[in-house]
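Structure file model.csv; described as CSV, N, CA, C and O atoms.
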```csv
chain,number,residue,atom,x,y,z
A,1,MET,N,0.8,-1.2,0.0
A,1,MET,CA,0.0,0.0,0.0
A,1,MET,C,0.9,1.2,0.0
A,1,MET,O,1.7,1.4,0.9
A,2,ALA,N,0.7,2.1,-1.0
A,2,ALA,CA,1.5,3.3,-1.1
A,2,ALA,C,0.7,4.5,-0.4
A,2,ALA,O,-0.5,4.5,-0.4
A,3,VAL,N,1.5,5.4,0.1
A,3,VAL,CA,0.9,6.5,0.8
A,3,VAL,C,1.1,7.7,-0.1
A,3,VAL,O,2.2,8.0,-0.6
A,4,ILE,N,0.1,8.5,-0.3
A,4,ILE,CA,0.1,9.7,-1.2
A,4,ILE,C,0.1,10.9,-0.3
A,4,ILE,O,-0.8,11.1,0.6
A,5,ALA,N,1.1,11.8,-0.4
A,5,ALA,CA,1.2,13.0,0.3
A,5,ALA,C,0.8,14.2,-0.5
A,5,ALA,O,1.2,14.3,-1.7
A,6,SER,N,-0.1,15.0,0.0
A,6,SER,CA,-0.6,16.2,-0.7
A,6,SER,C,-0.4,17.4,0.2
A,6,SER,O,-0.9,17.5,1.3
A,7,ALA,N,0.4,18.3,-0.3
A,7,ALA,CA,0.7,19.5,0.4
A,7,ALA,C,-0.6,20.3,0.6
A,7,ALA,O,-1.4,20.5,-0.3
A,8,LYS,N,-0.8,20.8,1.9
A,8,LYS,CA,-2.1,21.4,2.2
A,8,LYS,C,-1.9,22.9,2.4
A,8,LYS,O,-2.4,23.8,1.7
A,9,ASP,N,-1.1,23.3,3.4
A,9,ASP,CA,-0.8,24.7,3.7
A,9,ASP,C,0.3,24.8,4.7
A,9,ASP,O,0.9,23.8,5.0
A,10,SER,N,0.6,26.0,5.1
A,10,SER,CA,1.7,26.2,6.1
A,10,SER,C,1.2,27.0,7.3
A,10,SER,O,0.1,27.7,7.2
A,11,VAL,N,1.9,26.9,8.4
A,11,VAL,CA,1.6,27.7,9.6
A,11,VAL,C,2.8,28.5,10.0
A,11,VAL,O,3.9,27.9,10.0
A,12,LEU,N,2.6,29.8,10.2
A,12,LEU,CA,3.7,30.6,10.7
A,12,LEU,C,3.6,30.6,12.2
A,12,LEU,O,2.6,30.8,12.8
A,13,VAL,N,4.8,30.2,12.8
A,13,VAL,CA,4.8,30.1,14.3
A,13,VAL,C,5.9,31.1,14.7
A,13,VAL,O,7.1,30.9,14.3
A,14,VAL,N,5.6,32.0,15.6
A,14,VAL,CA,6.6,33.0,16.1
A,14,VAL,C,6.7,32.8,17.6
A,14,VAL,O,5.8,32.6,18.3
A,15,THR,N,8.0,33.0,18.0
A,15,THR,CA,8.3,33.0,19.5
A,15,THR,C,8.8,34.4,19.8
A,15,THR,O,9.7,34.9,19.0
A,16,PHE,N,8.3,35.0,20.8
A,16,PHE,CA,8.6,36.4,21.1
A,16,PHE,C,8.8,36.6,22.6
A,16,PHE,O,8.2,35.8,23.4
A,17,GLU,N,9.5,37.6,23.0
A,17,GLU,CA,9.7,37.9,24.4
A,17,GLU,C,8.7,38.9,24.9
A,17,GLU,O,8.6,40.0,24.4
A,18,THR,N,8.0,38.6,26.0
A,18,THR,CA,7.0,39.5,26.6
A,18,THR,C,7.4,40.1,27.9
A,18,THR,O,6.7,40.9,28.4
A,19,GLY,N,8.6,39.8,28.4
A,19,GLY,CA,9.1,40.4,29.6
A,19,GLY,C,10.2,39.6,30.2
A,19,GLY,O,10.8,38.8,29.6
A,20,VAL,N,10.3,39.7,31.5
A,20,VAL,CA,11.4,39.0,32.3
A,20,VAL,C,10.7,38.4,33.5
A,20,VAL,O,9.9,39.0,34.2
A,21,THR,N,11.1,37.2,33.8
A,21,THR,CA,10.6,36.5,35.0
A,21,THR,C,11.3,37.1,36.3
A,21,THR,O,12.3,37.8,36.2
A,22,PRO,N,10.7,36.8,37.4
A,22,PRO,CA,11.4,37.3,38.7
A,22,PRO,C,12.8,36.8,38.8
A,22,PRO,O,13.6,37.4,39.5
A,23,GLN,N,13.1,35.7,38.2
A,23,GLN,CA,14.5,35.1,38.3
A,23,GLN,C,15.4,35.8,37.3
A,23,GLN,O,16.6,35.5,37.3
A,24,GLY,N,14.9,36.6,36.4
A,24,GLY,CA,15.7,37.4,35.5
A,24,GLY,C,15.8,36.7,34.1
A,24,GLY,O,16.5,37.3,33.2
A,25,SER,N,15.2,35.6,33.8
A,25,SER,CA,15.2,35.0,32.5
A,25,SER,C,14.1,35.6,31.6
A,25,SER,O,13.1,36.1,32.1
A,26,ALA,N,14.2,35.4,30.3
A,26,ALA,CA,13.3,35.9,29.4
A,26,ALA,C,11.9,35.1,29.5
A,26,ALA,O,11.9,33.9,29.6
A,27,LYS,N,10.9,35.9,29.5
A,27,LYS,CA,9.5,35.3,29.5
A,27,LYS,C,9.1,35.2,28.0
A,27,LYS,O,8.9,36.2,27.4
A,28,LEU,N,8.9,34.0,27.5
A,28,LEU,CA,8.6,33.8,26.1
A,28,LEU,C,7.2,33.4,25.9
A,28,LEU,O,6.6,32.6,26.7
A,29,SER,N,6.6,33.8,24.7
A,29,SER,CA,5.3,33.4,24.3
A,29,SER,C,5.4,32.9,22.9
A,29,SER,O,6.3,33.3,22.1
A,30,GLN,N,4.4,32.2,22.4
A,30,GLN,CA,4.4,31.7,21.1
A,30,GLN,C,3.0,31.9,20.5
A,30,GLN,O,2.0,31.8,21.2
A,31,ARG,N,3.0,32.3,19.2
A,31,ARG,CA,1.7,32.5,18.5
A,31,ARG,C,1.8,31.9,17.1
A,31,ARG,O,2.8,31.9,16.5
A,32,SER,N,0.7,31.3,16.7
A,32,SER,CA,0.6,30.6,15.4
A,32,SER,C,-0.4,31.4,14.5
A,32,SER,O,-1.4,31.9,14.9
A,33,PHE,N,0.0,31.5,13.2
A,33,PHE,CA,-0.8,32.1,12.2
A,33,PHE,C,-1.0,31.0,11.1
A,33,PHE,O,-0.2,30.8,10.3
A,34,PRO,N,-2.2,30.4,11.1
A,34,PRO,CA,-2.5,29.3,10.2
A,34,PRO,C,-2.8,29.8,8.7
A,34,PRO,O,-2.9,31.0,8.5
A,35,ASN,N,-3.0,28.9,7.9
A,35,ASN,CA,-3.4,29.1,6.5
A,35,ASN,C,-2.5,30.0,5.6
A,35,ASN,O,-2.9,30.8,4.8
A,36,VAL,N,-1.2,29.8,5.9
A,36,VAL,CA,-0.2,30.5,5.0
A,36,VAL,C,-0.1,29.7,3.7
A,36,VAL,O,0.0,28.5,3.7
A,37,LYS,N,-0.2,30.4,2.6
A,37,LYS,CA,-0.2,29.8,1.3
A,37,LYS,C,1.1,29.1,1.0
A,37,LYS,O,2.2,29.7,1.4
A,38,LEU,N,1.1,28.0,0.3
A,38,LEU,CA,2.3,27.3,0.0
A,38,LEU,C,3.2,28.0,-0.9
A,38,LEU,O,4.4,27.8,-0.9
A,39,ILE,N,2.6,29.0,-1.7
A,39,ILE,CA,3.5,29.7,-2.7
A,39,ILE,C,4.2,30.8,-2.0
A,39,ILE,O,5.1,31.4,-2.6
A,40,ALA,N,3.9,31.1,-0.8
A,40,ALA,CA,4.7,32.2,0.0
A,40,ALA,C,6.1,31.7,0.2
A,40,ALA,O,6.3,30.5,0.6
A,41,THR,N,7.1,32.5,-0.1
A,41,THR,CA,8.5,32.1,0.1
A,41,THR,C,8.8,32.2,1.6
A,41,THR,O,8.2,32.9,2.4
A,42,ASP,N,9.9,31.5,2.0
A,42,ASP,CA,10.4,31.6,3.3
A,42,ASP,C,10.8,33.0,3.7
A,42,ASP,O,10.5,33.5,4.8
A,43,GLU,N,11.4,33.7,2.8
A,43,GLU,CA,11.8,35.1,3.1
A,43,GLU,C,10.6,36.0,3.3
A,43,GLU,O,10.6,36.8,4.2
A,44,ASP,N,9.5,35.8,2.5
A,44,ASP,CA,8.3,36.6,2.7
A,44,ASP,C,7.7,36.3,4.1
A,44,ASP,O,7.3,37.3,4.8
A,45,ILE,N,7.6,35.1,4.5
A,45,ILE,CA,7.1,34.7,5.8
A,45,ILE,C,7.9,35.3,6.9
A,45,ILE,O,7.3,35.9,7.9
A,46,TYR,N,9.2,35.2,6.8
A,46,TYR,CA,10.1,35.8,7.8
A,46,TYR,C,9.9,37.3,7.9
A,46,TYR,O,9.7,37.9,9.0
A,47,ASN,N,9.8,38.0,6.8
A,47,ASN,CA,9.7,39.5,6.8
A,47,ASN,C,8.4,39.9,7.4
A,47,ASN,O,8.3,40.9,8.0
A,48,ILE,N,7.3,39.1,7.1
A,48,ILE,CA,6.0,39.4,7.7
A,48,ILE,C,6.1,39.3,9.2
A,48,ILE,O,5.6,40.2,9.9
A,49,ALA,N,6.7,38.2,9.7
A,49,ALA,CA,6.8,38.1,11.2
A,49,ALA,C,7.6,39.2,11.8
A,49,ALA,O,7.2,39.7,12.8
A,50,VAL,N,8.7,39.6,11.2
A,50,VAL,CA,9.5,40.7,11.7
A,50,VAL,C,8.6,42.0,11.7
A,50,VAL,O,8.6,42.7,12.7
A,51,ALA,N,7.9,42.3,10.7
A,51,ALA,CA,7.1,43.5,10.6
A,51,ALA,C,6.0,43.5,11.7
A,51,ALA,O,5.7,44.5,12.3
A,52,ILE,N,5.3,42.4,11.9
A,52,ILE,CA,4.2,42.3,12.9
A,52,ILE,C,4.8,42.6,14.3
A,52,ILE,O,4.2,43.4,15.0
A,53,TYR,N,5.9,42.0,14.6
A,53,TYR,CA,6.4,42.1,16.0
A,53,TYR,C,7.2,43.4,16.2
A,53,TYR,O,7.3,43.9,17.3
A,54,GLU,N,7.6,44.1,15.1
A,54,GLU,CA,8.2,45.4,15.3
A,54,GLU,C,7.0,46.4,15.7
A,54,GLU,O,7.2,47.3,16.5
A,55,LEU,N,5.9,46.2,15.1
A,55,LEU,CA,4.7,47.1,15.4
A,55,LEU,C,4.3,46.8,16.8
A,55,LEU,O,3.8,47.8,17.5
A,56,GLN,N,4.4,45.6,17.3
A,56,GLN,CA,3.9,45.3,18.7
A,56,GLN,C,4.9,45.7,19.7
A,56,GLN,O,4.6,45.7,20.9
A,57,GLY,N,6.2,45.9,19.3
A,57,GLY,CA,7.2,46.2,20.3
A,57,GLY,C,7.7,45.1,21.1
A,57,GLY,O,8.4,45.3,22.1
A,58,TYR,N,7.5,43.8,20.7
A,58,TYR,CA,8.0,42.7,21.4
A,58,TYR,C,9.3,42.2,20.6
A,58,TYR,O,9.2,42.0,19.4
A,59,PRO,N,10.3,41.9,21.3
A,59,PRO,CA,11.5,41.3,20.6
A,59,PRO,C,11.2,39.9,20.1
A,59,PRO,O,10.7,39.0,20.8
A,60,LEU,N,11.5,39.7,18.8
A,60,LEU,CA,11.2,38.4,18.2
A,60,LEU,C,12.4,37.5,18.5
A,60,LEU,O,13.5,37.8,18.3
A,61,ARG,N,12.1,36.3,18.9
A,61,ARG,CA,13.1,35.3,19.3
A,61,ARG,C,13.2,34.2,18.3
A,61,ARG,O,14.3,33.6,18.2
A,62,GLY,N,12.1,33.9,17.5
A,62,GLY,CA,12.2,32.8,16.6
A,62,GLY,C,11.0,32.8,15.6
A,62,GLY,O,9.9,33.3,15.9
A,63,VAL,N,11.3,32.4,14.4
A,63,VAL,CA,10.3,32.3,13.3
A,63,VAL,C,10.4,30.9,12.8
A,63,VAL,O,11.4,30.4,12.4
A,64,ARG,N,9.2,30.2,12.7
A,64,ARG,CA,9.2,28.8,12.2
A,64,ARG,C,8.0,28.7,11.2
A,64,ARG,O,7.0,29.3,11.3
A,65,ARG,N,8.3,27.9,10.1
A,65,ARG,CA,7.2,27.6,9.2
A,65,ARG,C,7.0,26.1,9.3
A,65,ARG,O,7.9,25.3,9.1
A,66,ASP,N,5.7,25.8,9.6
A,66,ASP,CA,5.3,24.4,9.7
A,66,ASP,C,4.5,24.0,8.5
A,66,ASP,O,3.4,24.6,8.3
A,67,ASN,N,4.9,23.2,7.6
A,67,ASN,CA,4.2,22.8,6.4
A,67,ASN,C,3.3,21.6,6.8
A,67,ASN,O,3.7,20.6,7.4
A,68,ARG,N,2.0,21.7,6.4
A,68,ARG,CA,1.0,20.7,6.7
A,68,ARG,C,0.8,19.8,5.4
A,68,ARG,O,0.7,20.4,4.3
A,69,VAL,N,0.7,18.5,5.6
A,69,VAL,CA,0.6,17.6,4.5
A,69,VAL,C,-0.5,16.6,4.8
A,69,VAL,O,-0.5,16.1,5.9
A,70,ASP,N,-1.4,16.4,3.9
A,70,ASP,CA,-2.5,15.4,4.0
A,70,ASP,C,-1.9,14.1,3.5
A,70,ASP,O,-1.3,14.0,2.4
A,71,LEU,N,-2.1,13.0,4.3
A,71,LEU,CA,-1.6,11.7,3.9
A,71,LEU,C,-2.8,10.8,3.6
A,71,LEU,O,-3.8,10.8,4.4
A,72,ALA,N,-2.8,10.0,2.5
A,72,ALA,CA,-3.9,9.1,2.2
A,72,ALA,C,-3.3,7.9,1.5
A,72,ALA,O,-2.2,7.9,0.9
A,73,SER,N,-3.9,6.7,1.6
A,73,SER,CA,-3.5,5.6,0.9
A,73,SER,C,-4.2,5.5,-0.5
A,73,SER,O,-5.3,6.0,-0.6
A,74,ASP,N,-3.6,4.8,-1.4
A,74,ASP,CA,-4.2,4.7,-2.7
A,74,ASP,C,-5.0,3.4,-2.8
A,74,ASP,O,-5.1,2.6,-2.0
```
Could I get this structure in the form of structure tokens?
Amino acid sequence: MAVIASAKDSVLVVTFETGVTPQGSAKLSQRSFPNVKLIATDEDIYNIAVAIYELQGYPLRGVRRDNRVDLASD
């Protein structure tokens, strides 16, 4: 039985700093933005994440693109 993979969409996941804990370490949060089109380039996605978090005033710690794939058997 063969498995067929069909690309579905991507999710933009950003990690950003929201403050400092009482112990002095960075307090991090994560936010996901679903339904990113597959034709969007990695550079475009990164630039959008940077622009969003510059407007919000939070230091951006990480940007990730998670590609979603549907799997089915033939």
* Quick one: pick out all alpha helix (DSSP H) residues within chain A from a backbone DSSP run and write them as an NGL selection string. => :A and (42-56)
* Any chance you could list, as a VMD selection string, the residues in chain A that come up strand (DSSP E) when DSSP is run on the backbone? => chain A and resid 3 to 20 26 to 36 60 to 73
* Asked: Leaving out Ser32 in chain A and any residue of its chain fewer than 3 positions from it, which residues lie within 6 Å of it when counting only N, CA, C and O atoms, given as a PyMOL selection string?
  -> chain A and resi 12-14
* Asked: Rounded to one decimal in Å, what is the spacing between CA of Tyr58 in chain A and CA of Ile45 in chain A?
  ->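 So the two atoms, CA of Tyr58 in chain A and CA of Ile45 in chain A, lie 17.6 Å apart.
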* Asked: Between A:Ser6, A:Gln30, A:Gln56, A:Thr21, which one has atoms that come closest to Arg68 in chain A, using all atoms listed in the file?
  ->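 Answer, going by the shortest atom-to-atom distance: A:Ser6.
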* Might you pull out every residue within 12 Å of range 39-42 of chain A, with only C-alpha atoms counted and same-chain residues fewer than 2 positions away left off, and present them as a ChimeraX atom specification? => /A:7-12,35-37,44-49,63-67
Could you give me the centre and size, in Å to one decimal, of an axis-aligned box around all listed atoms of range 55-68 of chain A with 5 Å added on every side, as AutoDock Vina command-line options?
```
--center_x 7.5 --center_y 33.8 --center_z 13.2 --size_x 23.6 --size_y 38.0 --size_z 27.8
```
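Of the residues listed (A:Leu55, A:Leu60, A:Ile4, A:Val50), A:Leu60 shows the shortest atom-to-atom separation from Gly19 in chain A; distances use only C-alpha atoms.
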* Rank nothing, just name the residue among A:Gly62, A:Ala2, A:Ala72, A:Tyr53 nearest to Thr15 in chain A, using all atoms listed in the file. =>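 Smallest distance to Thr15 in chain A is found for A:Gly62.
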Expected file content for chain A, C-alpha atoms, as a compact mmCIF listing (two decimals), in the first residue's frame:
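Okay, part04.txt is ready:
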```
# COMPACT_ATOMS: atom_id res chain seq x y z
CA MET A 1 0.00 0.00 0.00
CA ALA A 2 1.47 3.33 -1.09
CA VAL A 3 0.88 6.53 0.79
CA ILE A 4 0.14 9.68 -1.18
CA ALA A 5 1.20 13.02 0.33
CA SER A 6 -0.62 16.17 -0.72
CA ALA A 7 0.68 19.55 0.42
CA LYS A 8 -2.08 21.44 2.21
CA ASP A 9 -0.82 24.73 3.71
CA SER A 10 1.70 26.20 6.11
CA VAL A 11 1.55 27.68 9.59
CA LEU A 12 3.70 30.62 10.68
CA VAL A 13 4.83 30.13 14.28
CA VAL A 14 6.59 32.97 16.08
CA THR A 15 8.29 33.03 19.46
CA PHE A 16 8.64 36.42 21.12
CA GLU A 17 9.73 37.89 24.43
CA THR A 18 7.01 39.46 26.59
CA GLY A 19 9.08 40.41 29.60
CA VAL A 20 11.35 39.03 32.28
CA THR A 21 10.61 36.48 35.01
CA PRO A 22 11.35 37.27 38.67
CA GLN A 23 14.49 35.12 38.29
CA GLY A 24 15.72 37.35 35.46
CA SER A 25 15.22 35.01 32.50
CA ALA A 26 13.25 35.92 29.41
CA LYS A 27 9.52 35.28 29.47
CA LEU A 28 8.63 33.79 26.07
CA SER A 29 5.30 33.40 24.30
CA GLN A 30 4.38 31.69 21.07
CA ARG A 31 1.71 32.50 18.50
CA SER A 32 0.59 30.62 15.41
CA PHE A 33 -0.81 32.10 12.21
CA PRO A 34 -2.48 29.33 10.15
CA ASN A 35 -3.41 29.11 6.48
CA VAL A 36 -0.20 30.51 5.01
CA LYS A 37 -0.22 29.79 1.28
CA LEU A 38 2.28 27.27 -0.01
CA ILE A 39 3.45 29.69 -2.69
CA ALA A 40 4.68 32.16 -0.03
CA THR A 41 8.47 32.13 0.11
CA ASP A 42 10.37 31.57 3.34
CA GLU A 43 11.79 35.08 3.06
CA ASP A 44 8.29 36.60 2.70
CA ILE A 45 7.06 34.73 5.77
CA TYR A 46 10.06 35.81 7.81
CA ASN A 47 9.69 39.45 6.75
CA ILE A 48 6.00 39.43 7.70
CA ALA A 49 6.81 38.05 11.15
CA VAL A 50 9.46 40.73 11.69
CA ALA A 51 7.07 43.48 10.59
CA ILE A 52 4.24 42.29 12.87
CA TYR A 53 6.41 42.13 15.96
CA GLU A 54 8.17 45.44 15.28
CA LEU A 55 4.72 47.05 15.38
CA GLN A 56 3.88 45.32 18.65
CA GLY A 57 7.17 46.22 20.30
CA TYR A 58 8.04 42.66 21.35
CA PRO A 59 11.50 41.28 20.62
CA LEU A 60 11.20 38.43 18.16
CA ARG A 61 13.08 35.31 19.29
CA GLY A 62 12.21 32.81 16.56
CA VAL A 63 10.26 32.27 13.34
CA ARG A 64 9.18 28.84 12.17
CA ARG A 65 7.24 27.59 9.16
CA ASP A 66 5.33 24.35 9.68
CA ASN A 67 4.17 22.76 6.42
CA ARG A 68 1.01 20.66 6.66
CA VAL A 69 0.59 17.61 4.49
CA ASP A 70 -2.46 15.37 4.04
CA LEU A 71 -1.64 11.66 3.85
CA ALA A 72 -3.86 9.07 2.19
CA SER A 73 -3.49 5.55 0.86
CA ASP A 74 -4.24 4.69 -2.73
```
